[in-house]
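Student: My structure file data-v7.csv, CSV, C-alpha atoms, is below:
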chain,number,residue,atom,x,y,z
Y,9,MET,CA,56.8,71.4,122.2
Y,10,LYS,CA,55.6,74.4,120.3
Y,11,LYS,CA,58.5,76.5,121.7
Y,12,ILE,CA,61.1,73.9,120.6
Y,13,LEU,CA,59.6,73.8,117.1
Y,14,PHE,CA,59.5,77.6,116.9
Y,15,ALA,CA,63.2,77.8,118.0
Y,16,LEU,CA,64.2,75.2,115.4
Y,17,PHE,CA,62.3,77.1,112.7
Y,18,ILE,CA,64.1,80.3,113.6
Y,19,LEU,CA,67.5,78.6,113.6
Y,20,ALA,CA,66.8,77.0,110.2
Y,21,SER,CA,65.7,80.4,108.8
Y,22,VAL,CA,68.9,82.1,109.9
Y,23,VAL,CA,71.0,79.4,108.4
Y,24,LEU,CA,69.2,79.3,105.1
Y,25,PHE,CA,68.9,83.0,104.5
Y,26,ALA,CA,72.2,84.1,105.9
Y,27,GLY,CA,74.5,85.7,103.3
Y,28,ASP,CA,78.0,84.6,102.5
Y,29,THR,CA,80.7,85.8,104.8
Y,30,LYS,CA,83.5,88.0,103.4
Y,31,LYS,CA,85.9,85.1,103.5
Y,32,GLU,CA,83.5,82.8,101.6
Y,33,ILE,CA,82.9,85.5,98.9
Y,34,ALA,CA,86.7,86.0,98.6
Y,35,ARG,CA,87.4,82.3,98.2
Y,36,LYS,CA,84.9,81.9,95.3
Y,37,LEU,CA,85.3,85.3,93.5
Y,38,TYR,CA,87.6,84.4,90.6
Y,39,GLY,CA,87.3,83.7,86.9
Y,40,ARG,CA,85.5,85.8,84.3
Y,41,ILE,CA,84.5,89.1,86.0
Y,42,GLN,CA,82.4,91.8,84.4
Y,43,ILE,CA,82.4,95.3,85.9
Y,44,VAL,CA,78.8,96.6,85.9
Y,45,ASP,CA,76.8,99.6,87.1
Y,46,SER,CA,73.7,97.8,88.1
Y,47,PHE,CA,72.5,94.4,89.2
Y,48,PRO,CA,75.9,93.0,90.4
Y,49,ASP,CA,76.4,89.7,92.1
Y,50,TYR,CA,78.8,91.5,94.5
Y,51,GLU,CA,79.8,95.0,95.4
Y,52,VAL,CA,83.5,95.6,96.0
Y,53,ARG,CA,85.6,98.5,97.3
Y,54,ILE,CA,89.2,98.9,96.1
Y,55,VAL,CA,91.6,99.6,98.9
Y,56,GLU,CA,95.3,100.3,99.0
Y,57,VAL,CA,96.1,98.4,102.2
Y,58,GLY,CA,94.5,95.3,103.7
Y,59,GLY,CA,91.4,94.0,102.1
Y,60,ASP,CA,89.6,90.7,102.0
Y,61,LEU,CA,91.0,89.6,98.7
Y,62,ASN,CA,94.2,90.3,96.7
Y,63,VAL,CA,93.2,90.5,93.0
Y,64,LYS,CA,95.5,90.1,90.1
Y,65,ILE,CA,94.1,90.9,86.6
Y,66,VAL,CA,95.1,88.2,84.2
Y,67,ASP,CA,94.6,87.4,80.5
Y,68,SER,CA,94.2,83.7,81.0
Y,69,PHE,CA,94.0,81.0,83.6
Y,70,ALA,CA,91.8,82.9,86.0
Y,71,ASP,CA,91.4,79.6,87.9
Y,72,SER,CA,92.0,80.4,91.6
Y,73,PRO,CA,90.9,82.9,94.2
Y,74,GLY,CA,91.9,86.4,93.3
Y,75,LYS,CA,92.6,85.9,89.6
Y,76,TRP,CA,90.2,87.9,87.5
Y,77,LYS,CA,89.9,88.0,83.8
Y,78,ILE,CA,87.9,91.2,83.0
Y,79,VAL,CA,85.2,90.5,80.3
Y,80,ASN,CA,82.3,92.2,78.7
Y,81,ASP,CA,80.1,89.2,78.3
Y,82,LEU,CA,79.4,85.7,79.7
Y,83,PRO,CA,80.9,86.5,83.1
Y,84,ASP,CA,81.1,84.1,86.1
Y,85,TYR,CA,80.4,87.0,88.4
Y,86,LYS,CA,79.2,90.6,87.9
Y,87,VAL,CA,80.9,93.2,90.2
Y,88,ARG,CA,80.1,96.8,90.9
Y,89,ILE,CA,82.8,99.1,92.3
Y,90,VAL,CA,81.5,101.1,95.3
Y,91,ASP,CA,82.8,103.5,97.9
Y,92,HIS,CA,80.5,102.5,100.8
Y,93,PHE,CA,79.1,99.3,102.2
Y,94,PRO,CA,80.9,96.8,100.0
Y,95,ASP,CA,80.4,93.0,100.2
Y,96,ILE,CA,84.2,92.7,100.3
Y,97,GLU,CA,87.2,94.9,99.9
Y,98,ILE,CA,89.8,94.1,97.3
Y,99,ARG,CA,93.4,95.1,96.7
Y,100,ILE,CA,94.8,95.1,93.2
Y,101,VAL,CA,98.2,93.3,93.2
Y,102,ASP,CA,100.9,92.3,90.7
Y,103,ALA,CA,101.7,89.0,92.5
Y,104,PHE,CA,100.3,86.6,95.1
Y,105,PRO,CA,96.6,86.9,94.4
Y,106,GLY,CA,94.2,85.2,96.8
Y,107,VAL,CA,92.8,85.5,100.3
Y,108,PRO,CA,95.4,87.0,102.6
Y,109,PHE,CA,96.3,85.0,105.7
Y,110,ASP,CA,94.3,82.0,104.6
What does the file become when written as structure tokens?
Tutor:
Amino acid sequence: MKKILFALFILASVVLFAGDTKKEIARKLYGRIQIVDSFPDYEVRIVEVGGDLNVKIVDSFADSPGKWKIVNDLPDYKVRIVDHFPDIEIRIVDAFPGVPFD
């Protein structure tokens, strides 16, 4: 019985403390985005080809995945641009923002 309870505890811990997957982050990363140097919500790397999220910078209606309105205050998310070990990779686009192949 103790082994079963221990196994259930381990399983619950993994589920509760597991981070978001790249696809989950990509689906929710839109709206008012602030570019920061420290204490980001997510770290992203900008790529030319591929990527987990196609991002279009917009002036208004940043209301779906991949649409970012860059702001200096009151952001929905804070993002830091990195070269290594990003949470997700983004590609800047002029059209068709969102999660590719979703």
Student: Skipping near chain neighbours, those fewer than 6 positions away, what residues fall within 8 Å of Lys75 in chain Y using only C-alpha atoms, listed as a list in words?
Tutor: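 After dropping sequence-adjacent residues, the list is Tyr38, Gly39, Val63, Lys64, Ile65, Val66, Phe69, Pro105 and Gly106 of chain Y.
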Student: Take the residues from that selection and write them out as an mmCIF file, in the coordinates of the input, keeping C-alpha atoms.
Tutor:
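Final output, saved to out22.cif:
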data_model
loop_
_atom_site.group_PDB
_atom_site.id
_atom_site.type_symbol
_atom_site.label_atom_id
_atom_site.label_comp_id
_atom_site.auth_asym_id
_atom_site.auth_seq_id
_atom_site.Cartn_x
_atom_site.Cartn_y
_atom_site.Cartn_z
ATOM 1 C CA TYR Y 38 87.600 84.400 90.600
ATOM 2 C CA GLY Y 39 87.300 83.700 86.900
ATOM 3 C CA VAL Y 63 93.200 90.500 93.000
ATOM 4 C CA LYS Y 64 95.500 90.100 90.100
ATOM 5 C CA ILE Y 65 94.100 90.900 86.600
ATOM 6 C CA VAL Y 66 95.100 88.200 84.200
ATOM 7 C CA PHE Y 69 94.000 81.000 83.600
ATOM 8 C CA PRO Y 105 96.600 86.900 94.400
ATOM 9 C CA GLY Y 106 94.200 85.200 96.800
#
Student: Determine the nearest neighbour of Leu37 in chain Y from the options Y:Pro83, Y:Pro73, Y:Gly58, Y:Pro108, counting all atoms listed in the file.
Tutor: Y:Pro73
Student: Which is closer to Phe109 in chain Y than all the others in Y:Leu61, Y:Val79, Y:Val52, Y:Val87, using all atoms listed in the file?
Tutor: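 Smallest distance to Phe109 in chain Y is found for Y:Leu61.
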Student: For a quick check of understanding, using only C-alpha atoms, which of Y:Ala70, Y:Val57, Y:Ile100, Y:Ile78 has the smallest distance to Ile41 in chain Y?
Tutor: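 Residue with the minimum atom-to-atom distance to Ile41 in chain Y: Y:Ile78.
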Student: Show me the residues around (90.7, 93.9, 99.4) - criterion: an atom at most 7 Å away, only C-alpha atoms counted - as a PyMOL selection string.
Tutor: chain Y and resi 54-55+58-62+96-99
Student: At what distance in Å, to one decimal, does CA of Asp49 in chain Y lie from CA of Leu82 in chain Y?
Tutor: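 Computing the Euclidean distance for CA of Leu82 in chain Y and CA of Asp49 in chain Y yields 13.4 Å.
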Student: Using all atoms listed in the file, which of Y:Lys30, Y:Lys77, Y:Arg53, Y:Lys11 sits nearest Pro94 in chain Y?
Tutor: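 When distances to Pro94 in chain Y are compared using all atoms listed in the file, the smallest one comes from Y:Arg53.
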Student: What gap, in Å, lies between CA of Asp71 in chain Y and CA of Arg40 in chain Y?
Tutor: 9.3 Å
Student: Find the distance between CA of Tyr85 in chain Y and CA of Gln42 in chain Y and write it in Å to one decimal.
Tutor: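 Between CA of Tyr85 in chain Y and CA of Gln42 in chain Y the gap works out to 6.6 Å.
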Student: Of the candidates Y:Ala103, Y:Val44, Y:Ser72, Y:Asp67, which one gets nearest to Arg88 in chain Y if we count only C-alpha atoms?
Tutor: Y:Val44
Student: From the set Y:Asp81, Y:Glu32, Y:Val90, Y:Gly74, which residue has the shortest atom-to-atom contact distance to Ser46 in chain Y, counting only C-alpha atoms?
Tutor: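 Of Y:Asp81, Y:Glu32, Y:Val90, Y:Gly74, the one nearest Ser46 in chain Y is Y:Val90, counting only C-alpha atoms.
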